[in-house]
file structure.txt (compact mmCIF, C-alpha atoms)
# COMPACT_ATOMS: atom_id res chain seq x y z
CA MET H 244 0.00 0.00 0.00
CA THR H 245 1.52 3.28 -1.09
CA ALA H 246 -1.57 5.42 -1.64
CA PRO H 247 -3.29 7.62 -0.63
CA LEU H 248 -0.04 9.49 -0.11
CA ALA H 249 -1.63 11.69 2.56
CA SER H 250 -2.34 8.67 4.79
CA GLN H 251 1.34 7.68 4.61
CA GLY H 252 2.29 10.97 6.26
CA LEU H 253 3.88 12.11 3.01
CA ILE H 254 1.74 15.24 2.67
CA SER H 255 2.05 18.15 5.11
CA ASP H 256 -0.82 20.62 5.59
CA GLY H 257 0.97 23.24 3.52
CA THR H 258 1.65 20.72 0.76
CA GLU H 259 -2.02 19.68 0.79
CA LEU H 260 -3.11 23.25 0.08
CA ALA H 261 -0.55 23.64 -2.71
CA VAL H 262 -1.67 20.34 -4.27
CA ALA H 263 -5.30 21.49 -3.95
CA LEU H 264 -4.45 24.64 -5.89
CA GLY H 265 -2.91 22.60 -8.73
CA LEU H 266 -5.66 19.97 -8.86
CA GLY H 267 -8.26 22.75 -8.70
CA PHE H 268 -6.63 24.44 -11.68
CA LEU H 269 -7.05 21.27 -13.77
CA PHE H 270 -10.60 20.76 -12.44
CA GLY H 271 -11.63 24.27 -13.51
CA PHE H 272 -9.77 23.96 -16.79
CA PHE H 273 -11.64 20.81 -17.85
CA LEU H 274 -15.00 22.17 -16.62
CA GLU H 275 -14.57 25.22 -18.83
CA ARG H 276 -13.24 23.13 -21.76
CA ALA H 277 -16.46 21.11 -21.60
CA GLY H 278 -18.48 24.35 -21.83
CA PHE H 279 -19.59 24.29 -18.20
CA GLY H 280 -18.86 27.96 -17.61
CA SER H 281 -22.05 28.61 -19.60
CA SER H 282 -25.44 28.36 -17.86
CA ARG H 283 -27.22 27.82 -21.19
CA LYS H 284 -24.97 24.85 -21.97
CA LEU H 285 -25.60 23.39 -18.49
CA ALA H 286 -29.36 23.97 -18.50
CA ALA H 287 -29.57 22.31 -21.93
CA GLN H 288 -29.25 18.98 -20.09
CA PHE H 289 -32.83 19.47 -18.86
CA TYR H 290 -34.20 20.40 -22.30
CA LEU H 291 -32.67 17.35 -23.93
CA TYR H 292 -31.00 18.91 -26.99
CA ASP H 293 -27.51 18.81 -25.42
CA MET H 294 -26.77 16.19 -22.76
CA SER H 295 -23.11 17.07 -22.23
CA VAL H 296 -23.64 17.28 -18.45
CA LEU H 297 -24.57 13.60 -18.29
CA LYS H 298 -21.81 12.58 -20.70
CA VAL H 299 -19.04 14.50 -18.92
CA MET H 300 -20.21 13.52 -15.45
CA PHE H 301 -20.53 9.80 -16.10
CA THR H 302 -17.30 9.61 -18.09
CA ALA H 303 -15.50 11.24 -15.15
CA ILE H 304 -17.16 8.87 -12.67
CA VAL H 305 -16.36 5.76 -14.73
CA THR H 306 -12.75 6.91 -15.25
CA ALA H 307 -12.06 7.59 -11.57
CA MET H 308 -14.07 4.56 -10.38
CA THR H 309 -12.16 2.20 -12.69
CA GLY H 310 -8.82 3.74 -11.76
CA LEU H 311 -9.51 3.39 -8.04
CA TRP H 312 -10.55 -0.23 -8.45
CA LEU H 313 -7.48 -1.15 -10.54
CA LEU H 314 -5.07 0.58 -8.14
CA ALA H 315 -6.73 -1.18 -5.20
CA ALA H 316 -6.74 -4.54 -7.02
CA ILE H 317 -2.96 -4.46 -7.54
CA GLY H 318 -2.55 -3.59 -3.86
CA TRP H 319 -1.15 -0.13 -4.43
CA LEU H 320 -4.07 1.85 -2.97
CA ASP H 321 -5.99 1.33 0.26
CA LEU H 322 -9.63 2.20 -0.51
CA GLY H 323 -10.39 2.18 3.21
CA GLU H 324 -8.19 5.25 3.66
CA ILE H 325 -10.28 7.38 1.29
CA TYR H 326 -12.77 9.69 2.99
CA LEU H 327 -16.44 8.80 2.42
CA VAL H 328 -19.32 11.21 2.99
CA PRO H 329 -21.57 9.28 5.42
CA THR H 330 -24.92 8.21 3.97
CA PHE H 331 -28.22 9.67 5.20
CA VAL H 332 -30.65 8.27 2.62
CA LEU H 333 -33.66 10.56 3.00
CA PRO H 334 -31.88 13.90 3.61
CA GLN H 335 -29.59 13.19 0.66
CA PHE H 336 -32.48 12.25 -1.60
CA VAL H 337 -34.44 15.38 -0.65
CA GLY H 338 -31.26 17.48 -0.85
CA GLY H 339 -30.73 16.12 -4.36
CA LEU H 340 -34.27 17.06 -5.43
CA VAL H 341 -33.80 20.60 -4.07
CA LEU H 342 -30.36 20.91 -5.65
CA GLY H 343 -31.66 19.69 -9.01
CA ALA H 344 -34.43 22.31 -8.89
CA GLY H 345 -31.86 24.98 -7.99
CA PHE H 346 -29.69 23.79 -10.89
CA VAL H 347 -32.31 24.39 -13.59
CA ILE H 348 -33.56 27.62 -11.96
CA GLY H 349 -30.10 29.08 -11.31
CA GLY H 350 -28.32 27.57 -14.32
CA TYR H 351 -25.26 26.46 -12.38
CA CYS H 352 -24.08 24.19 -9.61
CA PRO H 353 -21.48 25.48 -7.13
CA GLY H 354 -18.42 24.22 -9.06
CA THR H 355 -19.64 25.34 -12.47
CA SER H 356 -20.60 28.77 -11.11
CA VAL H 357 -16.90 29.25 -10.35
CA ALA H 358 -16.10 28.46 -14.00
CA GLY H 359 -18.87 30.88 -15.03
CA MET H 360 -17.53 33.68 -12.83
CA ALA H 361 -14.00 33.06 -14.10
CA THR H 362 -15.19 33.61 -17.67
CA GLY H 363 -17.18 36.76 -16.93
CA ARG H 364 -20.72 35.36 -16.65
CA ILE H 365 -22.67 37.94 -14.64
CA ASP H 366 -25.48 35.45 -13.97
CA ALA H 367 -22.88 33.17 -12.34
CA MET H 368 -21.77 36.01 -10.06
CA VAL H 369 -25.36 36.71 -9.00
CA TYR H 370 -25.95 32.97 -8.56
CA ALA H 371 -22.95 32.86 -6.19
CA LEU H 372 -24.42 35.74 -4.16
CA GLY H 373 -27.66 33.75 -3.98
CA MET H 374 -25.71 30.77 -2.68
CA LEU H 375 -24.13 32.85 0.08
CA ALA H 376 -27.57 34.18 1.03
CA GLY H 377 -29.02 30.64 1.03
CA LEU H 378 -26.16 29.37 3.20
CA ALA H 379 -26.71 32.20 5.70
CA VAL H 380 -30.44 31.40 5.92
CA TYR H 381 -29.76 27.66 6.20
CA ALA H 382 -27.45 28.24 9.17
CA GLU H 383 -30.29 30.11 10.89
CA VAL H 384 -33.00 27.49 10.30
CA TYR H 385 -30.67 24.52 10.87
CA PRO H 386 -31.61 23.98 14.55
CA ALA H 387 -35.21 23.30 13.45
CA ILE H 388 -34.21 20.56 10.98
CA ALA H 389 -30.98 19.30 12.57
CA ALA H 390 -32.55 16.09 13.89
CA TRP H 391 -34.11 15.26 10.50
CA THR H 392 -30.80 15.74 8.63
CA LYS H 393 -29.37 12.84 10.69
CA THR H 394 -32.19 10.38 9.94
CA THR H 395 -31.95 7.20 7.80
CA ALA H 396 -28.24 7.00 8.58
CA LEU H 397 -26.19 4.18 7.06
CA GLY H 398 -22.76 5.54 8.03
CA ASP H 399 -19.91 4.96 5.56
CA ALA H 400 -21.90 2.93 3.05
CA VAL H 401 -20.74 1.70 -0.36
CA TRP H 402 -22.70 -0.43 -2.82
CA PRO H 403 -20.26 -3.40 -2.82
CA ASP H 404 -20.76 -3.84 0.94
CA LEU H 405 -24.50 -3.11 0.93
CA LEU H 406 -25.23 -5.54 -1.92
CA GLY H 407 -22.57 -8.07 -0.96
CA LEU H 408 -21.16 -8.01 -4.50
CA PRO H 409 -17.52 -7.68 -5.63
CA ARG H 410 -16.48 -4.10 -6.43
CA GLY H 411 -15.07 -5.21 -9.79
CA LEU H 412 -18.47 -6.52 -10.87
CA LEU H 413 -20.18 -3.25 -9.92
CA VAL H 414 -17.49 -1.27 -11.75
CA VAL H 415 -18.31 -3.23 -14.91
CA VAL H 416 -22.08 -2.80 -14.37
CA VAL H 417 -21.77 0.97 -13.85
CA ALA H 418 -19.55 1.28 -16.94
CA LEU H 419 -22.10 -0.67 -19.02
CA VAL H 420 -24.99 1.44 -17.68
CA ALA H 421 -23.01 4.58 -18.53
CA ALA H 422 -22.40 3.31 -22.07
CA ALA H 423 -26.13 2.63 -22.48
CA LEU H 424 -26.94 6.13 -21.14
CA PHE H 425 -24.50 7.69 -23.62
CA TYR H 426 -26.08 5.79 -26.50
CA GLY H 427 -29.57 6.83 -25.36
CA ALA H 428 -28.55 10.43 -24.69
CA THR H 429 -27.21 10.84 -28.21
CA LYS H 430 -30.49 9.54 -29.65
CA VAL H 431 -32.47 11.89 -27.39
CA GLU H 432 -30.29 14.85 -28.45
CA ARG H 433 -31.11 14.13 -32.09
CA ALA H 434 -34.83 13.82 -31.35
CA PHE H 435 -34.91 17.18 -29.54
CA ALA H 436 -32.42 19.05 -31.74
CA SER H 437 -35.17 21.46 -32.79
CA TRP H 438 -35.40 22.77 -29.19
CA ARG H 439 -31.89 24.23 -29.41
CA PRO H 440 -32.23 28.03 -29.38
CA ALA H 441 -30.65 29.84 -32.31
CA GLY H 442 -27.08 30.99 -31.73
CA THR H 443 -26.12 28.60 -28.91
CA PRO H 444 -22.85 26.77 -29.54
CA MET T 193 -26.75 39.22 -25.62
CA SER T 194 -23.61 39.86 -27.61
CA GLU T 195 -22.56 36.27 -28.07
CA THR T 196 -19.85 37.06 -30.57
CA ALA T 197 -17.94 39.67 -28.55
CA THR T 198 -15.07 38.36 -26.47
CA THR T 199 -12.80 40.14 -24.03
CA THR T 200 -9.75 38.77 -25.77
CA GLY T 201 -10.80 39.27 -29.34
CA ARG T 202 -9.92 35.65 -30.04
CA ALA T 203 -12.11 33.51 -32.24
CA ARG T 204 -14.51 31.43 -30.15
CA ALA T 205 -13.23 27.84 -30.10
CA PRO T 206 -15.65 24.90 -30.07
CA TYR T 207 -16.12 23.00 -26.80
CA MET T 208 -14.04 19.95 -26.08
CA ASN T 209 -15.60 16.57 -26.85
CA PRO T 210 -17.64 15.73 -23.71
CA TYR T 211 -16.12 12.25 -23.33
CA LEU T 212 -12.60 13.67 -23.56
CA ALA T 213 -13.40 16.44 -21.04
CA GLY T 214 -15.02 13.83 -18.77
CA PHE T 215 -11.94 11.59 -19.05
CA GLY T 216 -9.75 14.57 -18.08
CA LEU T 217 -11.96 15.38 -15.09
CA GLY T 218 -11.93 11.71 -14.08
CA LEU T 219 -8.13 11.65 -14.07
CA VAL T 220 -8.05 14.83 -11.95
CA LEU T 221 -10.48 13.21 -9.51
CA LEU T 222 -8.42 10.00 -9.43
CA ALA T 223 -5.25 12.01 -8.74
CA THR T 224 -7.02 13.78 -5.86
CA PHE T 225 -8.00 10.41 -4.34
CA VAL T 226 -4.49 8.98 -4.76
CA ILE T 227 -2.60 11.99 -3.41
CA LEU T 228 -4.90 13.35 -0.73
CA GLY T 229 -7.23 10.46 0.11
CA ARG T 230 -10.33 12.54 -0.58
CA GLY T 231 -12.29 13.79 -3.55
CA LEU T 232 -13.21 17.11 -5.11
CA GLY T 233 -15.79 19.60 -3.82
CA ALA T 234 -17.08 23.11 -4.33
CA SER T 235 -19.96 24.08 -2.04
CA GLY T 236 -17.75 23.91 1.06
CA ALA T 237 -15.62 26.74 -0.31
CA PHE T 238 -18.71 28.98 -0.40
CA SER T 239 -19.47 28.06 3.22
CA ALA T 240 -15.91 28.92 4.25
CA PHE T 241 -15.98 32.18 2.31
CA LEU T 242 -19.27 33.18 3.98
CA VAL T 243 -17.83 32.42 7.42
CA TRP T 244 -14.80 34.55 6.58
CA LEU T 245 -17.06 37.46 5.51
CA MET T 246 -19.33 37.13 8.57
CA SER T 247 -16.40 37.00 10.97
CA PHE T 248 -15.73 40.67 10.24
CA ALA T 249 -19.20 41.54 11.52
CA SER T 250 -19.32 39.11 14.45
CA PRO T 251 -16.81 36.36 15.20
CA ASP T 252 -19.00 35.35 18.17
CA TYR T 253 -22.00 34.68 15.93
CA VAL T 254 -19.88 32.52 13.62
CA THR T 255 -18.34 30.42 16.37
CA SER T 256 -21.62 29.93 18.22
CA ASN T 257 -23.63 28.84 15.13
CA ALA T 258 -23.78 25.07 14.61
CA VAL T 259 -23.31 25.33 10.83
CA HIS T 260 -20.84 28.20 10.53
CA SER T 261 -18.56 27.00 13.33
CA GLY T 262 -17.75 23.92 11.23
CA TYR T 263 -15.85 26.17 8.79
CA TRP T 264 -14.19 28.43 11.37
CA ASN T 265 -10.91 26.44 11.23
CA GLU T 266 -9.58 28.11 14.39
CA GLY T 267 -9.96 31.59 12.96
CA ARG T 268 -8.50 30.83 9.52
CA PRO T 269 -11.55 29.80 7.46
CA LEU T 270 -9.84 30.46 4.13
CA MET T 271 -6.86 28.20 4.89
CA ALA T 272 -8.89 25.17 3.86
CA PHE T 273 -8.53 22.47 1.22
CA LEU T 274 -11.80 23.33 -0.55
CA VAL T 275 -11.00 27.05 -0.67
CA PHE T 276 -7.63 26.43 -2.33
CA LEU T 277 -9.22 23.91 -4.69
CA THR T 278 -11.80 26.52 -5.71
CA VAL T 279 -9.23 29.30 -6.16
CA GLY T 280 -7.38 26.86 -8.40
CA SER T 281 -10.48 26.00 -10.40
CA PHE T 282 -11.32 29.68 -10.86
CA THR T 283 -7.84 30.19 -12.31
CA GLY T 284 -7.99 27.08 -14.50
CA ALA T 285 -11.38 28.03 -15.90
CA ALA T 286 -10.20 31.60 -16.53
CA VAL T 287 -7.19 30.33 -18.48
CA SER T 288 -9.27 27.85 -20.48
CA GLY T 289 -11.93 30.46 -21.28
CA TRP T 290 -9.32 33.01 -22.31
CA LEU T 291 -7.48 30.54 -24.56
CA ALA T 292 -10.78 29.57 -26.20
CA GLY T 293 -12.05 33.13 -26.63
CA ARG T 294 -15.07 32.31 -24.47
CA SER T 295 -14.47 34.89 -21.72
CA VAL T 296 -17.03 37.67 -21.99
CA PHE T 297 -18.99 39.82 -19.54
CA VAL T 298 -22.53 38.73 -20.31
CA VAL T 299 -25.79 37.65 -18.70
CA GLU T 300 -26.66 34.31 -20.28
CA HIS T 301 -30.33 33.65 -20.93
CA GLY T 302 -32.76 32.50 -23.60
CA PRO T 303 -34.38 34.83 -26.14
CA ARG T 304 -37.73 35.17 -24.32
CA ILE T 305 -36.62 36.60 -20.96
CA SER T 306 -34.96 39.85 -19.84
CA SER T 307 -31.52 40.00 -18.25
CA GLY T 308 -33.10 41.32 -15.06
CA ALA T 309 -35.46 38.39 -14.75
CA ARG T 310 -32.62 36.00 -15.47
CA LEU T 311 -30.52 37.53 -12.69
CA ALA T 312 -33.43 37.25 -10.24
CA LEU T 313 -33.77 33.55 -11.11
CA ALA T 314 -30.00 33.07 -10.86
CA PHE T 315 -30.07 34.50 -7.32
CA ALA T 316 -33.06 32.36 -6.33
CA GLY T 317 -31.50 29.25 -7.89
CA GLY T 318 -28.27 29.85 -5.99
CA ALA T 319 -30.13 30.15 -2.70
CA ILE T 320 -32.15 26.98 -3.37
CA MET T 321 -28.99 25.15 -4.42
CA ALA T 322 -27.31 26.16 -1.15
CA PHE T 323 -30.12 24.51 0.81
CA GLY T 324 -29.94 21.36 -1.27
CA ALA T 325 -26.17 21.09 -0.93
CA LYS T 326 -26.33 21.53 2.84
CA LEU T 327 -29.12 18.96 3.23
CA ALA T 328 -27.23 16.47 1.08
CA SER T 329 -23.83 17.22 2.67
CA GLY T 330 -22.36 17.96 -0.75
CA CYS T 331 -23.02 19.17 -4.27
CA THR T 332 -22.45 17.90 -7.79
CA SER T 333 -18.69 17.79 -7.13
CA GLY T 334 -18.44 16.54 -3.56
CA GLN T 335 -21.36 14.13 -3.74
CA ALA T 336 -22.18 13.16 -7.35
CA LEU T 337 -18.67 13.04 -8.90
CA THR T 338 -16.64 12.06 -5.85
CA GLY T 339 -19.14 9.70 -4.22
CA GLY T 340 -20.18 8.33 -7.59
CA ALA T 341 -16.64 7.11 -8.26
CA LEU T 342 -16.42 5.63 -4.74
CA LEU T 343 -19.75 3.78 -5.22
CA ASN T 344 -21.04 5.66 -2.16
CA VAL T 345 -24.69 4.71 -1.47
CA GLY T 346 -25.78 8.21 -0.40
CA SER T 347 -24.04 9.83 -3.37
CA TRP T 348 -25.87 7.68 -5.93
CA THR T 349 -29.17 8.34 -4.13
CA PHE T 350 -28.36 12.05 -4.31
CA MET T 351 -27.35 11.95 -7.97
CA ILE T 352 -30.54 10.28 -9.11
CA ALA T 353 -32.56 12.82 -7.10
CA VAL T 354 -30.68 15.72 -8.77
CA PHE T 355 -31.81 14.57 -12.22
CA ILE T 356 -35.40 14.00 -11.00
CA GLY T 357 -35.50 17.48 -9.40
CA GLY T 358 -34.03 19.16 -12.46
CA TYR T 359 -36.36 17.51 -14.97
CA ALA T 360 -39.39 18.08 -12.71
CA LEU T 361 -38.73 21.82 -12.47
CA ALA T 362 -37.54 22.33 -16.07
CA PRO T 363 -40.99 22.93 -17.63
CA LEU T 364 -41.67 25.76 -15.14
CA VAL T 365 -38.56 27.76 -16.09
CA ARG T 366 -38.51 26.84 -19.78
CA ARG T 367 -38.95 30.49 -20.82
CA GLN T 368 -35.68 31.32 -19.10
CA TRP T 369 -33.66 29.07 -21.41
CA LEU T 370 -35.47 28.31 -24.67
call {"tool": "encode", "arguments": {"input": "structure.txt", "output": "structure tokens"}}
result
Amino acid sequence: MTAPLASQGLISDGTELAVALGLGFLFGFFLERAGFGSSRKLAAQFYLYDMSVLKVMFTAIVTAMTGLWLLAAIGWLDLGEIYLVPTFVLPQFVGGLVLGAGFVIGGYCPGTSVAGMATGRIDAMVYALGMLAGLAVYAEVYPAIAAWTKTTALGDAVWPDLLGLPRGLLVVVVALVAAALFYGATKVERAFASWRPAGTP
Amino acid sequence: MSETATTTGRARAPYMNPYLAGFGLGLVLLATFVILGRGLGASGAFSAFLVWLMSFASPDYVTSNAVHSGYWNEGRPLMAFLVFLTVGSFTGAAVSGWLAGRSVFVVEHGPRISSGARLALAFAGGAIMAFGAKLASGCTSGQALTGGALLNVGSWTFMIAVFIGGYALAPLVRRQWL
């Protein structure tokens, strides 16, 4: 086991921040390359004529998921050392619904709004102000919903453990599902091509 | 909306192939796992930035609030992984947009809505998104991308809900985009 490097004591706090800066640079670079600094490009996912959001997202997931599994399979990476967000089924499902609604209303998600701001999108800047306002309000109402946000807790839960199936099998299943989604998405894009507003790249 | 004007005067380059961009993002995510033992994220940087701003008005309020205090970081809220990651991604996106001639001061919206109405919806959407991200303990980066690759149960639940929420609301704000 050599990785994660941070768990081997190879990364100091200062180094972590410097590495974050570099990885962030590449993260933002690829987001913008994909067109995700543009709210119209992002919102297009929900009007079916351009499903780049789904394609980029699932390609990234399949790439990282496969890489993690291979590195763990050869014994180079300890998956148990990678931080997992604990699962709270209901709050995360409801949070997802709310976030999805905010996505199509606001035109961005938090990461893509940064790409939007970096490329001059004024709607991204106003969206970010809305986020700060929403966070301030959330912190005020939190005591009233705190107990609910901790319900349906499963702790650190991953599908291989929950289903009792080998990770490698699930990696293959997810990759196949992604391939089917890509095939379907491209057909859907063709069917709804007439919805594309004039002048959008 | 002056779609053709750019701040750099460069010709507007086409977007990268989505599978290629996704592969690039996936490698960045994998590198983050391998080096730091954690994934990417974005909403946390906004939380930290808000705490930093609020601390000028009242450090006591920040440290006594159950949500804000989590980002206080012993009085240095900006010295955090997610803040540095986000400063990096701002820079990376700025460079990419500049190279591609896509950087332009503009309010993006469809042809049937005013810029003012679009900005009002952008603000509202941001506020709603903030609630969703807090409830779900993460956003599209920290939950969907990161947890998706880790086969995290809560992250996949979240991701499916994001698409349901987006498609359910899309007809109501159609005029904003199409």
call {"tool": "closest_residue", "arguments": {"input": "structure.txt", "among": "H:Val380, H:Leu397, H:Leu327, H:Ala418", "to": "Gly231 in chain T", "atoms": "all atoms listed in the file"}}
result
H:Leu327
call {"tool": "residues_around", "arguments": {"input": "structure.txt", "residues": "range 261-277 of chain H", "least_positions_apart": "3", "cutoff": "8 Å", "atoms": "all atoms listed in the file", "output": "PyMOL selection string"}}
result
(chain H and resi 257-258+280+295+299+355+357-358) or (chain T and resi 207-210+213-214+216-217+220+223-224+273-274+276-289)
call {"tool": "write_last_selection", "arguments": {"input": "structure.txt", "atoms": "C-alpha atoms", "output": "compact mmCIF listing (two decimals), in the frame of the given file"}}
result
# COMPACT_ATOMS: atom_id res chain seq x y z
CA GLY H 257 0.97 23.24 3.52
CA THR H 258 1.65 20.72 0.76
CA GLY H 280 -18.86 27.96 -17.61
CA SER H 295 -23.11 17.07 -22.23
CA VAL H 299 -19.04 14.50 -18.92
CA THR H 355 -19.64 25.34 -12.47
CA VAL H 357 -16.90 29.25 -10.35
CA ALA H 358 -16.10 28.46 -14.00
CA TYR T 207 -16.12 23.00 -26.80
CA MET T 208 -14.04 19.95 -26.08
CA ASN T 209 -15.60 16.57 -26.85
CA PRO T 210 -17.64 15.73 -23.71
CA ALA T 213 -13.40 16.44 -21.04
CA GLY T 214 -15.02 13.83 -18.77
CA GLY T 216 -9.75 14.57 -18.08
CA LEU T 217 -11.96 15.38 -15.09
CA VAL T 220 -8.05 14.83 -11.95
CA ALA T 223 -5.25 12.01 -8.74
CA THR T 224 -7.02 13.78 -5.86
CA PHE T 273 -8.53 22.47 1.22
CA LEU T 274 -11.80 23.33 -0.55
CA PHE T 276 -7.63 26.43 -2.33
CA LEU T 277 -9.22 23.91 -4.69
CA THR T 278 -11.80 26.52 -5.71
CA VAL T 279 -9.23 29.30 -6.16
CA GLY T 280 -7.38 26.86 -8.40
CA SER T 281 -10.48 26.00 -10.40
CA PHE T 282 -11.32 29.68 -10.86
CA THR T 283 -7.84 30.19 -12.31
CA GLY T 284 -7.99 27.08 -14.50
CA ALA T 285 -11.38 28.03 -15.90
CA ALA T 286 -10.20 31.60 -16.53
CA VAL T 287 -7.19 30.33 -18.48
CA SER T 288 -9.27 27.85 -20.48
CA GLY T 289 -11.93 30.46 -21.28
call {"tool": "atom_distance", "arguments": {"input": "structure.txt", "atom1": "CA of Phe225 in chain T", "atom2": "CA of Ala307 in chain H"}}
result
8.8 Å
call {"tool": "atom_distance", "arguments": {"input": "structure.txt", "atom1": "CA of Ala303 in chain H", "atom2": "CA of Leu219 in chain T"}}
result
7.5 Å
call {"tool": "axis_aligned_box", "arguments": {"input": "structure.txt", "around": "range 326-339 of chain T", "padding_each_side": "8 Å", "output": "JSON"}}
result
{"center_x": -22.9, "center_y": 15.6, "center_z": -2.8, "size_x": 28.5, "size_y": 27.8, "size_z": 28.1}
call {"tool": "closest_atom_pairs", "arguments": {"input": "structure.txt", "of": "range 293-372 of chain H", "to": "range 339-361 of chain T", "cutoff": "9 Å", "atoms": "all atoms listed in the file", "output": "CSV"}}
result
residue,atom,partner,partner_atom,distance
H:Phe301,CA,T:Gly340,CA,8.6
H:Ala303,CA,T:Ala341,CA,8.1
H:Ile304,CA,T:Ala341,CA,4.8
H:Val305,CA,T:Ala341,CA,6.6
H:Thr306,CA,T:Ala341,CA,8.0
H:Ala307,CA,T:Ala341,CA,5.7
H:Met308,CA,T:Ala341,CA,4.2
H:Thr309,CA,T:Ala341,CA,8.0
H:Leu311,CA,T:Leu342,CA,8.0
H:Leu322,CA,T:Leu342,CA,8.7
H:Ile325,CA,T:Leu342,CA,8.8
H:Leu327,CA,T:Asn344,CA,7.2
H:Val328,CA,T:Gly339,CA,7.4
H:Pro329,CA,T:Gly346,CA,7.3
H:Thr330,CA,T:Gly346,CA,4.5
H:Phe331,CA,T:Gly346,CA,6.3
H:Val332,CA,T:Gly346,CA,5.7
H:Leu333,CA,T:Thr349,CA,8.7
H:Pro334,CA,T:Phe350,CA,8.9
H:Gln335,CA,T:Phe350,CA,5.2
H:Phe336,CA,T:Phe350,CA,4.9
H:Val337,CA,T:Ala353,CA,7.2
H:Gly338,CA,T:Phe350,CA,7.1
H:Gly339,CA,T:Val354,CA,4.4
H:Leu340,CA,T:Gly357,CA,4.2
H:Val341,CA,T:Gly357,CA,6.4
H:Leu342,CA,T:Val354,CA,6.1
H:Gly343,CA,T:Val354,CA,4.1
H:Ala344,CA,T:Gly358,CA,4.8
H:Gly345,CA,T:Gly358,CA,7.7
H:Phe346,CA,T:Gly358,CA,6.5
H:Val347,CA,T:Gly358,CA,5.6
H:Ile348,CA,T:Leu361,CA,7.8
call {"tool": "atom_distance", "arguments": {"input": "structure.txt", "atom1": "CA of Ala234 in chain T", "atom2": "CA of Gly354 in chain H"}}
result
5.0 Å
call {"tool": "residues_around", "arguments": {"input": "structure.txt", "residues": "Gln251 in chain H", "least_positions_apart": "3", "cutoff": "12 Å", "atoms": "all atoms listed in the file", "output": "MDAnalysis selection string"}}
result
(chainID H and resid 244:248 254:255 320:321 324) or (chainID T and resid 226:229)
call {"tool": "closest_residue", "arguments": {"input": "structure.txt", "among": "H:Trp402, H:Phe425, H:Phe435, H:Phe279", "to": "chain T", "atoms": "all atoms listed in the file"}}
result
H:Trp402
call {"tool": "residues_around", "arguments": {"input": "structure.txt", "residues": "range 281-284 of chain H", "least_positions_apart": "2", "cutoff": "7 Å", "atoms": "all atoms listed in the file", "output": "number ranges by chain"}}
result
H: 278-279, 286-287, 350-351, 359; T: 300-301, 369
call {"tool": "closest_residue", "arguments": {"input": "structure.txt", "among": "T:Ala237, T:Leu222, T:Ala316, T:Met271", "to": "Glu259 in chain H", "atoms": "only C-alpha atoms"}}
result
T:Met271
call {"tool": "residues_near_point", "arguments": {"input": "structure.txt", "point": "(-28.7, 24.0, 12.5)", "cutoff": "12 Å", "atoms": "all atoms listed in the file", "output": "number ranges by chain"}}
result
H: 378-393; T: 256-262, 323, 326-327
call {"tool": "residues_around", "arguments": {"input": "structure.txt", "residues": "Ala436 in chain H", "least_positions_apart": "3", "cutoff": "9 Å", "atoms": "all atoms listed in the file", "output": "VMD selection string"}}
result
chain H and resid 291 to 293 431 to 433 439
call {"tool": "closest_residue", "arguments": {"input": "structure.txt", "among": "H:Ser437, H:Trp312, H:Leu285, H:Val420", "to": "Ala367 in chain H", "atoms": "only C-alpha atoms"}}
result
H:Leu285
call {"tool": "residues_near_point", "arguments": {"input": "structure.txt", "point": "(-21.4, 39.7, -20.7)", "cutoff": "8 Å", "atoms": "all atoms listed in the file", "output": "list in words"}}
result
Gly363, Arg364 and Ile365 of chain H; Met193, Ser194, Val296, Phe297, Val298, Val299 and Glu300 of chain T
